[in-house]
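Asks: Have a peek at data.txt (compact mmCIF, C-alpha atoms and all ligand atoms).
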# COMPACT_ATOMS: atom_id res chain seq x y z
CA MET A 1 -58.59 171.86 146.87
CA ILE A 2 -55.71 170.66 149.02
CA SER A 3 -56.74 169.37 152.43
CA LEU A 4 -54.62 168.77 155.49
CA SER A 5 -54.04 165.38 157.02
CA ARG A 6 -56.65 164.36 159.60
CA LYS A 7 -53.77 163.81 162.03
CA VAL A 8 -52.80 167.49 162.09
CA LYS A 9 -56.29 168.95 162.16
CA GLU A 10 -56.48 169.03 165.94
CA LEU A 11 -52.81 169.85 166.35
CA VAL A 12 -52.04 173.25 167.83
CA HIS A 13 -48.72 174.95 168.46
CA SER A 14 -47.06 173.45 171.54
CA PRO A 15 -48.43 175.53 174.48
CA THR A 16 -44.97 176.12 175.94
CA LEU A 17 -43.58 177.54 172.70
CA GLU A 18 -46.80 179.45 172.08
CA VAL A 19 -46.70 181.26 175.43
CA ASN A 20 -43.07 182.12 174.81
CA ASN A 21 -43.97 183.69 171.45
CA GLN A 22 -46.76 185.72 173.10
CA VAL A 23 -44.37 187.00 175.76
CA ALA A 24 -41.72 187.86 173.15
CA GLU A 25 -44.31 189.83 171.13
CA ARG A 26 -45.50 191.76 174.18
CA ARG A 27 -41.97 192.49 175.33
CA ALA A 28 -41.01 193.64 171.80
CA LYS A 29 -43.84 196.20 172.05
CA GLY A 30 -42.36 197.40 175.31
CA GLU A 31 -45.06 195.83 177.50
CA PRO A 32 -43.67 194.42 180.75
CA VAL A 33 -44.47 190.73 181.24
CA LEU A 34 -43.66 188.48 184.17
CA HIS A 35 -42.72 185.24 182.47
CA MET A 36 -43.61 182.03 184.27
CA GLY A 37 -44.74 180.30 181.10
CA PHE A 38 -41.68 178.85 179.41
CA GLY A 39 -39.21 176.43 180.96
CA GLU A 40 -35.94 177.52 179.41
CA SER A 41 -32.97 177.38 181.73
CA PRO A 42 -31.35 180.84 181.79
CA PHE A 43 -27.65 180.05 182.24
CA PRO A 44 -24.92 180.87 179.69
CA VAL A 45 -23.02 178.36 177.55
CA PRO A 46 -19.86 177.33 179.47
CA GLU A 47 -16.81 178.88 177.82
CA ARG A 48 -15.21 175.50 177.23
CA LEU A 49 -18.19 174.39 175.14
CA GLN A 50 -18.26 177.63 173.18
CA LYS A 51 -14.62 177.02 172.24
CA SER A 52 -15.31 173.37 171.37
CA LEU A 53 -18.07 174.44 169.01
CA ALA A 54 -15.88 177.07 167.33
CA THR A 55 -13.13 174.48 166.87
CA ALA A 56 -15.56 172.01 165.27
CA ALA A 57 -17.06 174.58 162.88
CA HIS A 58 -15.16 173.17 159.88
CA ARG A 59 -16.82 169.74 160.24
CA LYS A 60 -19.29 169.46 157.39
CA ASP A 61 -19.60 165.72 156.91
CA TYR A 62 -22.78 163.73 157.52
CA THR A 63 -22.33 161.24 160.33
CA ALA A 64 -23.81 157.79 160.97
CA ALA A 65 -27.55 158.04 161.68
CA ALA A 66 -27.06 157.13 165.35
CA GLY A 67 -24.30 159.70 165.74
CA VAL A 68 -20.50 159.82 165.80
CA PRO A 69 -19.34 156.52 167.40
CA GLU A 70 -16.77 158.17 169.73
CA VAL A 71 -19.34 160.71 170.92
CA ARG A 72 -21.80 157.91 171.69
CA GLU A 73 -19.14 155.99 173.63
CA THR A 74 -18.19 159.09 175.64
CA VAL A 75 -21.86 159.59 176.48
CA ARG A 76 -22.20 155.96 177.55
CA GLU A 77 -19.22 156.23 179.93
CA TYR A 78 -20.55 159.48 181.36
CA TYR A 79 -23.83 157.83 182.28
CA ARG A 80 -22.28 154.64 183.70
CA PRO A 81 -21.95 156.01 187.27
CA LEU A 82 -25.40 157.61 187.02
CA VAL A 83 -27.41 154.78 185.46
CA GLY A 84 -25.22 151.74 186.24
CA ASP A 85 -23.54 149.01 184.18
CA VAL A 86 -26.90 148.41 182.53
CA VAL A 87 -25.62 150.98 179.97
CA ASP A 88 -23.73 148.03 178.43
CA ASP A 89 -27.08 146.43 177.64
CA MET A 90 -28.16 149.50 175.71
CA ASP A 91 -27.30 151.15 172.40
CA VAL A 92 -26.71 154.89 172.42
CA LEU A 93 -28.08 157.22 169.80
CA ILE A 94 -27.89 160.95 169.28
CA ALA A 95 -30.83 163.05 168.04
CA PRO A 96 -31.66 166.72 167.52
CA GLY A 97 -33.19 167.04 170.98
CA SER A 98 -34.74 164.39 173.18
CA LYS A 99 -38.18 165.38 171.85
CA LEU A 100 -37.37 163.58 168.62
CA ILE A 101 -36.13 160.51 170.48
CA LEU A 102 -39.49 160.40 172.24
CA TYR A 103 -41.24 160.77 168.91
CA ALA A 104 -39.11 158.13 167.17
CA LEU A 105 -39.65 155.67 170.03
CA GLN A 106 -43.37 156.27 169.94
CA ALA A 107 -43.29 155.74 166.16
CA VAL A 108 -41.44 152.43 166.17
CA ILE A 109 -43.13 150.75 169.17
CA GLU A 110 -46.52 149.47 168.08
CA GLY A 111 -49.52 150.09 170.31
CA ASP A 112 -51.20 152.69 172.51
CA LEU A 113 -49.57 155.06 174.99
CA LEU A 114 -50.12 155.19 178.76
CA LEU A 115 -49.69 158.68 180.18
CA ALA A 116 -49.98 160.07 183.70
CA ILE A 117 -52.32 162.97 184.38
CA PRO A 118 -50.75 165.53 184.13
CA SER A 119 -47.93 164.94 181.64
CA TRP A 120 -45.56 167.10 179.61
CA VAL A 121 -47.23 168.96 176.75
CA SER A 122 -45.82 167.06 173.75
CA TYR A 123 -46.22 163.36 174.58
CA GLY A 124 -49.96 163.26 173.84
CA PRO A 125 -49.83 165.33 170.60
CA GLN A 126 -46.96 163.15 169.35
CA ALA A 127 -49.11 160.05 169.93
CA LYS A 128 -51.99 161.69 168.07
CA LEU A 129 -49.71 162.55 165.15
CA LEU A 130 -48.84 158.87 164.97
CA GLY A 131 -52.47 157.82 165.13
CA THR A 132 -52.17 156.03 168.48
CA GLU A 133 -54.55 156.30 171.43
CA VAL A 134 -53.58 157.89 174.74
CA ILE A 135 -54.70 156.01 177.85
CA ARG A 136 -54.77 158.32 180.86
CA VAL A 137 -53.46 157.18 184.22
CA PRO A 138 -54.72 159.20 187.20
CA THR A 139 -52.15 160.29 189.77
CA THR A 140 -52.48 160.66 193.53
CA SER A 141 -53.37 163.87 195.33
CA GLY A 142 -52.77 164.97 198.90
CA ALA A 143 -49.44 164.95 200.70
CA GLU A 144 -47.82 162.73 198.06
CA ASP A 145 -48.98 164.71 195.07
CA TYR A 146 -48.97 163.43 191.49
CA GLN A 147 -47.46 160.01 192.07
CA ILE A 148 -48.47 157.02 189.94
CA ASP A 149 -49.86 154.21 192.06
CA PRO A 150 -48.63 150.88 190.59
CA GLN A 151 -51.96 149.22 191.36
CA ILE A 152 -53.87 151.95 189.55
CA LEU A 153 -51.53 151.59 186.59
CA ARG A 154 -52.28 147.87 186.45
CA GLU A 155 -56.02 148.57 186.58
CA CYS A 156 -55.73 151.13 183.76
CA ILE A 157 -53.91 148.58 181.60
CA LYS A 158 -56.55 145.91 182.29
CA ASP A 159 -59.39 148.34 181.69
CA ALA A 160 -57.87 149.55 178.40
CA ARG A 161 -57.44 145.98 177.20
CA SER A 162 -61.04 145.18 178.06
CA LYS A 163 -62.06 148.10 175.82
CA GLY A 164 -60.09 146.71 172.89
CA LEU A 165 -57.15 149.09 173.21
CA ASN A 166 -53.54 147.93 173.06
CA PRO A 167 -51.57 149.57 175.90
CA ALA A 168 -47.97 148.88 174.91
CA LYS A 169 -45.80 151.77 176.10
CA ILE A 170 -45.63 154.35 178.88
CA ILE A 171 -43.63 157.55 179.21
CA LEU A 172 -42.42 158.27 182.73
CA ASN A 173 -40.70 161.54 183.57
CA PHE A 174 -38.78 162.24 186.79
CA PRO A 175 -37.94 164.91 187.85
CA ASN A 176 -41.21 165.88 186.31
CA ASN A 177 -42.45 168.63 184.08
CA PRO A 178 -44.98 170.06 185.00
CA THR A 179 -44.94 169.12 188.69
CA GLY A 180 -41.26 169.57 189.64
CA LEU A 181 -41.57 166.33 191.63
CA ARG A 182 -39.93 162.92 191.69
CA MET A 183 -41.16 159.54 192.81
CA GLY A 184 -39.78 157.37 195.61
CA HIS A 185 -37.47 154.47 194.62
CA ASP A 186 -39.82 151.82 196.01
CA ASN A 187 -42.73 153.19 194.06
CA LEU A 188 -40.67 153.36 190.88
CA GLU A 189 -39.50 149.81 191.34
CA ALA A 190 -43.08 148.65 191.79
CA LEU A 191 -44.09 150.56 188.63
CA ILE A 192 -41.33 148.95 186.58
CA LYS A 193 -42.43 145.55 187.90
CA VAL A 194 -45.99 146.16 186.73
CA CYS A 195 -44.73 147.27 183.31
CA ASP A 196 -42.52 144.20 183.05
CA GLU A 197 -45.34 141.84 184.02
CA GLU A 198 -47.78 143.50 181.62
CA SER A 199 -45.22 143.74 178.74
CA ILE A 200 -45.31 147.52 178.68
CA PHE A 201 -42.30 149.22 177.13
CA VAL A 202 -41.03 152.03 179.40
CA ILE A 203 -39.75 155.28 177.92
CA SER A 204 -38.02 157.04 180.78
CA ASP A 205 -37.75 160.76 180.04
CA GLU A 206 -34.74 161.72 182.18
CA ILE A 207 -34.10 165.12 180.62
CA TYR A 208 -34.18 166.72 184.12
CA GLY A 209 -32.16 163.88 185.69
CA GLN A 210 -29.28 166.17 186.61
CA VAL A 211 -31.51 168.96 187.85
CA ALA A 212 -32.38 166.93 190.97
CA PHE A 213 -32.10 169.09 194.07
CA ASP A 214 -30.52 166.31 196.15
CA GLU A 215 -28.06 165.78 193.27
CA GLU A 216 -29.01 162.12 193.06
CA TYR A 217 -29.49 160.94 189.50
CA PHE A 218 -31.99 158.15 189.45
CA SER A 219 -32.73 156.15 186.33
CA MET A 220 -35.65 153.84 185.66
CA ALA A 221 -33.18 151.59 183.84
CA SER A 222 -31.12 151.06 186.98
CA PHE A 223 -33.51 148.34 188.23
CA GLY A 224 -32.13 146.17 185.43
CA VAL A 225 -35.51 144.61 184.61
CA GLY A 226 -38.01 145.04 181.83
CA SER A 227 -37.61 147.01 178.63
CA VAL A 228 -36.62 150.55 179.50
CA ALA A 229 -35.33 153.20 177.08
CA ILE A 230 -33.93 156.48 178.38
CA SER A 231 -34.19 159.85 176.68
CA THR A 232 -32.03 162.71 177.85
CA GLY A 233 -29.77 165.43 176.46
CA LEU A 234 -28.16 168.80 177.12
CA SER A 235 -31.21 171.07 177.15
CA LYS A 236 -31.88 171.30 180.87
CA HIS A 237 -28.82 170.77 183.10
CA LEU A 238 -26.58 172.63 180.64
CA SER A 239 -29.22 175.09 179.40
CA LEU A 240 -28.43 174.11 175.79
CA GLY A 241 -31.95 173.65 174.42
CA GLY A 242 -31.08 175.49 171.21
CA TRP A 243 -28.16 173.19 170.49
CA ARG A 244 -30.70 170.43 169.86
CA PHE A 245 -28.64 167.63 171.28
CA GLY A 246 -30.54 164.66 172.67
CA VAL A 247 -29.42 161.20 173.73
CA GLY A 248 -31.28 157.91 173.70
CA PHE A 249 -30.31 154.73 175.52
CA ILE A 250 -32.06 151.92 173.69
CA PRO A 251 -32.40 148.50 175.37
CA LYS A 252 -30.87 145.65 173.41
CA ASN A 253 -33.47 143.22 174.77
CA VAL A 254 -36.05 144.37 172.21
CA PRO A 255 -34.99 142.68 168.96
CA GLY A 256 -34.74 145.06 166.01
CA LEU A 257 -35.53 148.20 168.01
CA PHE A 258 -32.22 150.00 167.58
CA GLU A 259 -32.08 149.09 163.88
CA ALA A 260 -35.65 150.36 163.39
CA LEU A 261 -34.74 153.64 165.08
CA CYS A 262 -31.65 154.02 162.89
CA SER A 263 -33.79 153.44 159.79
CA PHE A 264 -36.32 155.99 161.09
CA ILE A 265 -33.49 158.52 161.57
CA SER A 266 -32.01 157.80 158.16
CA GLU A 267 -35.38 158.63 156.56
CA THR A 268 -36.00 161.77 158.59
CA TRP A 269 -33.27 163.94 160.18
CA SER A 270 -30.29 161.91 158.82
CA CYS A 271 -27.99 162.94 161.68
CA VAL A 272 -27.43 165.71 164.20
CA SER A 273 -25.34 168.68 163.03
CA THR A 274 -21.75 167.42 163.11
CA PRO A 275 -20.14 170.44 164.86
CA ILE A 276 -22.79 170.16 167.58
CA GLN A 277 -22.04 166.47 168.11
CA ILE A 278 -18.30 167.08 168.34
CA ALA A 279 -18.69 170.03 170.72
CA ALA A 280 -21.26 168.21 172.83
CA GLN A 281 -18.78 165.41 173.46
CA ASP A 282 -16.90 167.82 175.73
CA ALA A 283 -20.02 168.14 177.87
CA TYR A 284 -19.63 164.43 178.68
CA ARG A 285 -15.94 164.23 179.52
CA LYS A 286 -16.38 165.01 183.21
CA PHE A 287 -14.34 168.22 183.05
CA PRO A 288 -14.42 169.68 186.58
CA ASP A 289 -15.48 173.11 185.31
CA ILE A 290 -18.48 171.62 183.46
CA GLU A 291 -19.49 169.45 186.41
CA ALA A 292 -19.23 172.44 188.75
CA HIS A 293 -21.32 174.52 186.33
CA ILE A 294 -24.06 171.86 186.32
CA ALA A 295 -24.09 171.61 190.12
CA ASP A 296 -24.10 175.41 190.58
CA CYS A 297 -26.98 175.89 188.15
CA THR A 298 -28.98 173.20 189.95
CA ARG A 299 -28.40 174.94 193.31
CA ILE A 300 -29.70 178.19 191.83
CA HIS A 301 -32.74 176.44 190.29
CA GLN A 302 -33.46 174.99 193.72
CA LEU A 303 -33.24 178.38 195.42
CA MET A 304 -35.47 180.13 192.88
CA ASN A 305 -38.15 177.46 192.74
CA THR A 306 -38.26 176.89 196.47
CA TYR A 307 -38.69 180.65 196.86
CA ILE A 308 -41.72 180.57 194.56
CA CYS A 309 -43.14 177.56 196.40
CA GLU A 310 -42.76 179.20 199.81
CA GLY A 311 -44.14 182.49 198.53
CA LEU A 312 -47.30 180.78 197.27
CA ARG A 313 -47.68 178.71 200.40
CA GLY A 314 -47.49 181.93 202.39
CA LEU A 315 -50.57 183.07 200.47
CA GLY A 316 -52.48 179.91 201.38
CA VAL A 317 -51.98 178.15 198.04
CA HIS A 318 -51.39 174.38 198.05
CA CYS A 319 -47.98 173.90 196.44
CA PRO A 320 -45.98 170.64 196.64
CA GLU A 321 -42.30 171.40 197.29
CA PRO A 322 -40.35 170.90 194.04
CA THR A 323 -37.52 168.38 194.23
CA GLY A 324 -36.08 168.94 190.76
CA ALA A 325 -36.40 170.72 187.39
CA PHE A 326 -37.52 174.37 187.39
CA TYR A 327 -41.26 174.31 187.95
CA ASN A 328 -43.91 174.67 190.59
CA TYR A 329 -47.35 173.17 190.22
CA PRO A 330 -49.62 175.00 192.65
CA ASP A 331 -53.27 174.12 193.09
CA PHE A 332 -55.62 177.05 193.79
CA GLU A 333 -58.56 174.84 194.83
CA ALA A 334 -58.78 176.65 198.20
CA PHE A 335 -59.83 179.76 196.26
CA ARG A 336 -62.44 178.09 194.04
CA THR A 337 -65.42 179.91 195.54
CA ASP A 338 -63.67 183.28 195.43
CA PHE A 339 -62.55 182.67 191.85
CA ALA A 340 -66.06 181.60 190.81
CA ARG A 341 -67.42 185.01 191.86
CA HIS A 342 -65.01 186.46 189.28
CA ASN A 343 -65.87 183.92 186.57
CA ILE A 344 -62.63 182.02 187.00
CA MET A 345 -63.79 178.41 186.77
CA THR A 346 -60.82 176.55 185.28
CA SER A 347 -57.05 176.77 185.21
CA GLN A 348 -57.32 178.13 181.67
CA ASP A 349 -59.55 181.00 182.94
CA LEU A 350 -57.00 181.68 185.67
CA CYS A 351 -54.17 181.69 183.19
CA GLU A 352 -56.01 184.14 180.93
CA VAL A 353 -56.85 186.55 183.77
CA LEU A 354 -53.23 186.50 184.92
CA MET A 355 -52.04 187.41 181.42
CA SER A 356 -54.67 189.99 180.50
CA GLU A 357 -55.01 191.79 183.85
CA TYR A 358 -51.67 191.18 185.55
CA HIS A 359 -49.26 190.64 182.63
CA LEU A 360 -48.10 187.36 184.11
CA ALA A 361 -47.57 184.44 181.72
CA SER A 362 -48.24 180.95 183.04
CA LEU A 363 -49.50 177.64 181.67
CA SER A 364 -52.76 176.01 182.58
CA GLU A 365 -53.22 172.36 183.45
CA ALA A 366 -55.11 171.94 180.16
CA GLY A 367 -51.84 172.00 178.20
CA PHE A 368 -50.51 169.09 180.22
CA ASP A 369 -53.30 166.68 179.38
CA GLY A 370 -54.57 167.50 182.83
CA LEU A 371 -58.01 167.73 184.32
CA ALA A 372 -59.87 170.61 182.74
CA THR A 373 -61.65 171.35 186.01
CA ARG A 374 -58.64 171.48 188.34
CA LEU A 375 -57.31 174.91 189.33
CA THR A 376 -53.62 174.19 188.85
CA LEU A 377 -50.98 176.17 187.00
CA ARG A 378 -47.50 175.31 185.87
CA LEU A 379 -45.16 178.08 186.88
CA SER A 380 -41.57 178.19 185.64
CA GLY A 381 -39.00 179.79 187.91
CA VAL A 382 -36.51 180.97 185.28
CA ASP A 383 -37.35 184.64 184.72
CA TYR A 384 -33.98 186.11 185.70
CA ASP A 385 -30.52 186.82 184.30
CA GLY A 386 -28.82 183.45 184.69
CA ALA A 387 -25.36 184.75 183.81
CA ALA A 388 -25.44 187.39 186.55
CA ALA A 389 -26.85 184.97 189.13
CA LEU A 390 -24.28 182.30 188.31
CA GLU A 391 -21.40 184.76 188.43
CA ALA A 392 -22.56 186.07 191.81
CA TYR A 393 -22.91 182.58 193.26
CA GLN A 394 -19.54 181.48 191.92
CA GLY A 395 -18.10 184.71 193.31
CA GLY A 396 -19.15 183.64 196.80
CA GLU A 397 -22.55 185.26 197.36
CA ALA A 398 -24.80 183.17 199.58
CA LEU A 399 -27.96 181.64 198.17
CA ASN A 400 -30.72 183.16 200.27
CA GLU A 401 -33.77 185.39 199.99
CA GLY A 402 -31.57 188.46 199.50
CA PHE A 403 -29.93 186.72 196.55
CA VAL A 404 -33.34 186.12 194.93
CA HIS A 405 -34.40 189.73 195.43
CA LYS A 406 -31.11 191.03 194.02
CA TYR A 407 -30.68 188.71 191.02
CA ALA A 408 -34.24 187.61 190.31
CA PRO A 409 -36.40 190.64 191.14
CA ASN A 410 -39.17 189.36 188.86
CA LEU A 411 -39.71 186.40 191.15
CA LYS A 412 -40.63 188.74 193.98
CA LEU A 413 -42.97 190.61 191.63
CA GLN A 414 -44.53 187.31 190.58
CA ILE A 415 -45.40 186.43 194.17
CA GLU A 416 -46.72 189.96 194.74
CA THR A 417 -48.88 189.54 191.64
CA PHE A 418 -50.48 186.41 193.07
CA GLN A 419 -50.95 188.27 196.34
CA MET A 420 -52.81 191.06 194.48
CA LEU A 421 -54.98 188.60 192.56
CA LEU A 422 -55.94 186.63 195.66
CA ALA A 423 -56.67 189.79 197.64
CA LYS A 424 -58.91 191.01 194.81
CA VAL A 425 -60.92 187.80 194.42
CA LYS A 426 -61.52 187.64 198.17
CA ASN A 427 -63.34 190.98 198.04
C1 LIG A 501 -40.32 166.77 180.15
C2 LIG A 501 -39.60 167.16 178.92
N1 LIG A 501 -39.19 166.20 178.08
C3 LIG A 501 -38.54 166.49 176.94
C4 LIG A 501 -38.28 167.80 176.60
C5 LIG A 501 -37.59 168.05 175.28
O1 LIG A 501 -36.33 168.57 175.43
P1 LIG A 501 -35.29 168.61 174.23
O2 LIG A 501 -35.99 168.21 172.97
O3 LIG A 501 -34.81 170.02 174.19
O4 LIG A 501 -34.21 167.63 174.58
C6 LIG A 501 -38.67 168.84 177.44
C7 LIG A 501 -38.42 170.25 177.07
O5 LIG A 501 -39.06 171.16 177.50
C8 LIG A 501 -39.34 168.51 178.64
O6 LIG A 501 -39.74 169.46 179.50
With the file now loaded, output its structure as structure tokens.
Replies:
Amino acid sequence: MISLSRKVKELVHSPTLEVNNQVAERRAKGEPVLHMGFGESPFPVPERLQKSLATAAHRKDYTAAAGVPEVRETVREYYRPLVGDVVDDMDVLIAPGSKLILYALQAVIEGDLLLAIPSWVSYGPQAKLLGTEVIRVPTTSGAEDYQIDPQILRECIKDARSKGLNPAKIILNFPNNPTGLRMGHDNLEALIKVCDEESIFVISDEIYGQVAFDEEYFSMASFGVGSVAISTGLSKHLSLGGWRFGVGFIPKNVPGLFEALCSFISETWSCVSTPIQIAAQDAYRKFPDIEAHIADCTRIHQLMNTYICEGLRGLGVHCPEPTGAFYNYPDFEAFRTDFARHNIMTSQDLCEVLMSEYHLASLSEAGFDGLATRLTLRLSGVDYDGAAALEAYQGGEALNEGFVHKYAPNLKLQIETFQMLLAKVKN
């Protein structure tokens, strides 16, 4: 009898990928589904990058584990104005998606993981796969939703140590998935200070760094203190998730870290597909057409997600205004009593009712290591034809409500669906 490793017994398919499969199956059967479940940016591959990839198709050689040296240097220079000269104190490595950089970092840094509630779906399961404990850090609620209070972080670290745990690393993610929010500079600086004082290694997941609605890239490494690694890549601001191109900035102040990561890579994925590395380099050369594409896509993400936020607020739902990424994180607490009359007690119940009765796919807080009792959902605002929307915007059409209704009609239907649900539960 062959038995599975204890580490994978509790592992389930990543909720984001799972909901996407469910929607694909339903759509293949001809069932209409409003898709707010999966966060895949809908814009096309810029023509320049398509050509770069075609030109690099003949490259069949393995590369160094950390990636092609010239590609890594181009990436470093691209990030210099965004992150600061601190990039000189970091080694750059390339991976098949930032998810594997997060995993590799978790694997090579000894100790337990601190994670905000809520956090992106894969951090916790990755820690479990590696046999490390997850220490939950509550976030604030109210006007300043889902921020990490530095003092609370310090208390969580102390408390974990008193219980015999070894808090050693934290993953911070701004702009954030699932909340669509960022944190203020002062608060971030105070957080980094706590991590520095408590010898906590910071993994700053900056994959949405260039999908910030005020167009300000802000890196945790820019404070120039502590041990901060950055993970990023092309999946979000250039909608290239399927290219599997991630970037890690690894601080040189942790002896042996970069070498350990390179050994880890050499024993696992070996290197990223060479044509992808070569083509991706052109995404980091500051070509005006690529930079304009990134900025235009971010403007459209802002329009679509602000529309969803305002639509929900109009229905009386508490919804913090997103400041980046492509998500809203509404809280339906105001409807708890009405929901209870219809046996909707948790965000998972809400999610299931939306799918089975209204054909609307969403994700519950449960997937984000959240509070099982809270009535929050993560809603992605990407269910539209990105190519058509981008072409219209670049052709001069104004970004307003009319634009949403014309190029993203499903978003209007999504808000109407919530309106129907809330009207029904009130009766
Ligand atoms: C917060 C966050 N981090 C990391 C990733 C991983 O992205 P990738 O592996 O495509 O770079 C995602 C993708 O959904 C994400 O939302």
Asks: Would you mind listing what lies within 6 Å of segment 19-36 of chain A as a PDB file with C-alpha atoms, in the coordinates of the input, with all atoms listed in the file counted and same-chain residues fewer than 6 positions away left out?
Replies:
ATOM      1  CA  HIS A 359     -49.260 190.640 182.630  1.00  0.00           C
ATOM      2  CA  LEU A 360     -48.100 187.360 184.110  1.00  0.00           C
ATOM      3  CA  ALA A 361     -47.570 184.440 181.720  1.00  0.00           C
ATOM      4  CA  SER A 362     -48.240 180.950 183.040  1.00  0.00           C
ATOM      5  CA  LEU A 379     -45.160 178.080 186.880  1.00  0.00           C
ATOM      6  CA  SER A 380     -41.570 178.190 185.640  1.00  0.00           C
ATOM      7  CA  ASP A 383     -37.350 184.640 184.720  1.00  0.00           C
TER       8      ASP A 383
END
Asks: Residues of chain A that approach ligand LIG 501 (chain A) to 7 Å or less, counting all atoms listed in the file: could you list each one with the shortest pair of atoms and its distance in Å to one decimal, rows by chain and increasing residue number, as a tab-separated table?
Replies:
residue	atom	partner	partner_atom	distance
A:Gly39	CA	A:LIG501	O5	6.3
A:Gly97	CA	A:LIG501	O2	3.6
A:Ser98	CA	A:LIG501	O4	3.6
A:Lys99	CA	A:LIG501	O2	3.7
A:Leu100	CA	A:LIG501	O2	6.5
A:Trp120	CA	A:LIG501	C1	5.3
A:Asn173	CA	A:LIG501	C1	6.3
A:Asn176	CA	A:LIG501	C1	6.3
A:Asn177	CA	A:LIG501	C1	4.8
A:Asp205	CA	A:LIG501	N1	6.0
A:Ile207	CA	A:LIG501	N1	5.8
A:Thr232	CA	A:LIG501	O4	6.3
A:Gly233	CA	A:LIG501	O4	5.3
A:Leu234	CA	A:LIG501	O4	6.7
A:Ser235	CA	A:LIG501	O3	4.8
A:Gly241	CA	A:LIG501	O3	4.6
A:Arg244	CA	A:LIG501	O3	6.0
A:Phe245	CA	A:LIG501	O4	6.5
A:Gly246	CA	A:LIG501	O4	5.1
Asks: Which polymer residues, protein or nucleic acid, are no farther than 10 Å from (-44.7, 181.8, 196.6), counting only C-alpha atoms, as a compact mmCIF listing (two decimals) with C-alpha atoms, in the frame of the given file?
Replies:
# COMPACT_ATOMS: atom_id res chain seq x y z
CA ASN A 305 -38.15 177.46 192.74
CA THR A 306 -38.26 176.89 196.47
CA TYR A 307 -38.69 180.65 196.86
CA ILE A 308 -41.72 180.57 194.56
CA CYS A 309 -43.14 177.56 196.40
CA GLU A 310 -42.76 179.20 199.81
CA GLY A 311 -44.14 182.49 198.53
CA LEU A 312 -47.30 180.78 197.27
CA ARG A 313 -47.68 178.71 200.40
CA GLY A 314 -47.49 181.93 202.39
CA LEU A 315 -50.57 183.07 200.47
CA GLY A 316 -52.48 179.91 201.38
CA VAL A 317 -51.98 178.15 198.04
CA CYS A 319 -47.98 173.90 196.44
CA ASN A 328 -43.91 174.67 190.59
CA PRO A 330 -49.62 175.00 192.65
CA LEU A 411 -39.71 186.40 191.15
CA LYS A 412 -40.63 188.74 193.98
CA GLN A 414 -44.53 187.31 190.58
CA ILE A 415 -45.40 186.43 194.17
CA GLU A 416 -46.72 189.96 194.74
CA PHE A 418 -50.48 186.41 193.07
CA GLN A 419 -50.95 188.27 196.34
Asks: Could you work out how far atom CA of Val12 of chain A lies from atom CA of Phe368 of chain A, giving the answer in Å with one decimal?
Replies: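 So the answer is 13.2 Å.
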Asks: Take atom CA of Leu115 of chain A and atom CA of Arg154 of chain A and report the distance between them in Å, one decimal.
Replies: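 About the pair atom CA of Leu115 of chain A and atom CA of Arg154 of chain A: they are 12.8 Å apart.
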Asks: Compare A:Leu153, A:Val272, A:Ile344, A:Ala221 by their minimum atom-to-atom distance to Asp85 of chain A, counting all atoms listed in the file, and give me the closest one.
Replies: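 Nearest candidate to Asp85 of chain A out of A:Leu153, A:Val272, A:Ile344, A:Ala221: A:Ala221.
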Asks: So, with only C-alpha atoms as the atoms that count, which of A:Phe339, A:Trp269, A:Tyr284, A:Tyr393 lies closest to Leu422 of chain A?
Replies: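 Among the listed residues, the smallest separation from Leu422 of chain A belongs to A:Phe339.
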Asks: Quick one: everything within 9 Å of Gly84 of chain A, counting all atoms listed in the file, minus sequence neighbours fewer than 6 positions away in the same chain. Send it as a ChimeraX atom specification.
Replies: /A:219,221-222,224
Asks: Residues near Ile276 of chain A, anyone? I mean within 10 Å using only C-alpha atoms, not counting same-chain ones fewer than 3 positions away, as number ranges by chain.
Replies: A: 49, 52-54, 56-57, 59, 96, 243-245, 272-273, 279-281
Asks: Segment 98-110 of chain A, all listed atoms, 4 Å padding on each side: what axis-aligned box centre and edge lengths in Å to one decimal come out, as AutoDock Vina command-line options?
Replies:
--center_x -40.6 --center_y 157.4 --center_z 169.7 --size_x 19.8 --size_y 23.9 --size_z 15.0
Asks: Counting only C-alpha atoms, which residues have an atom no more than 12 Å from (-21.5, 166.7, 189.4) in the file's coordinates? Please list them as JSON, numbers by chain.
Replies: {"A": [78, 79, 81, 82, 209, 210, 211, 212, 213, 214, 215, 216, 217, 237, 238, 283, 284, 285, 286, 287, 288, 289, 290, 291, 292, 293, 294, 295, 296, 297, 298, 299]}
Asks: My structure is short of atoms at segment 7-11 of chain A; please model N, CA and C atoms there, returning them as a short mmCIF file (atom, residue, chain, number, x, y, z; two decimals), in the frame of the given file.
Replies:
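Everything below was put into result.cif:
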data_model
loop_
_atom_site.label_atom_id
_atom_site.label_comp_id
_atom_site.auth_asym_id
_atom_site.auth_seq_id
_atom_site.Cartn_x
_atom_site.Cartn_y
_atom_site.Cartn_z
N LYS A 7 -54.59 163.88 160.81
CA LYS A 7 -53.77 163.81 162.03
C LYS A 7 -53.33 165.19 162.53
N VAL A 8 -53.26 166.17 161.62
CA VAL A 8 -52.80 167.49 162.09
C VAL A 8 -53.95 168.45 162.35
N LYS A 9 -55.17 168.01 162.05
CA LYS A 9 -56.29 168.95 162.16
C LYS A 9 -56.48 169.47 163.58
N GLU A 10 -56.28 168.58 164.54
CA GLU A 10 -56.48 169.03 165.94
C GLU A 10 -55.19 169.56 166.55
N LEU A 11 -54.11 169.48 165.78
CA LEU A 11 -52.81 169.85 166.35
C LEU A 11 -52.71 171.37 166.48
#
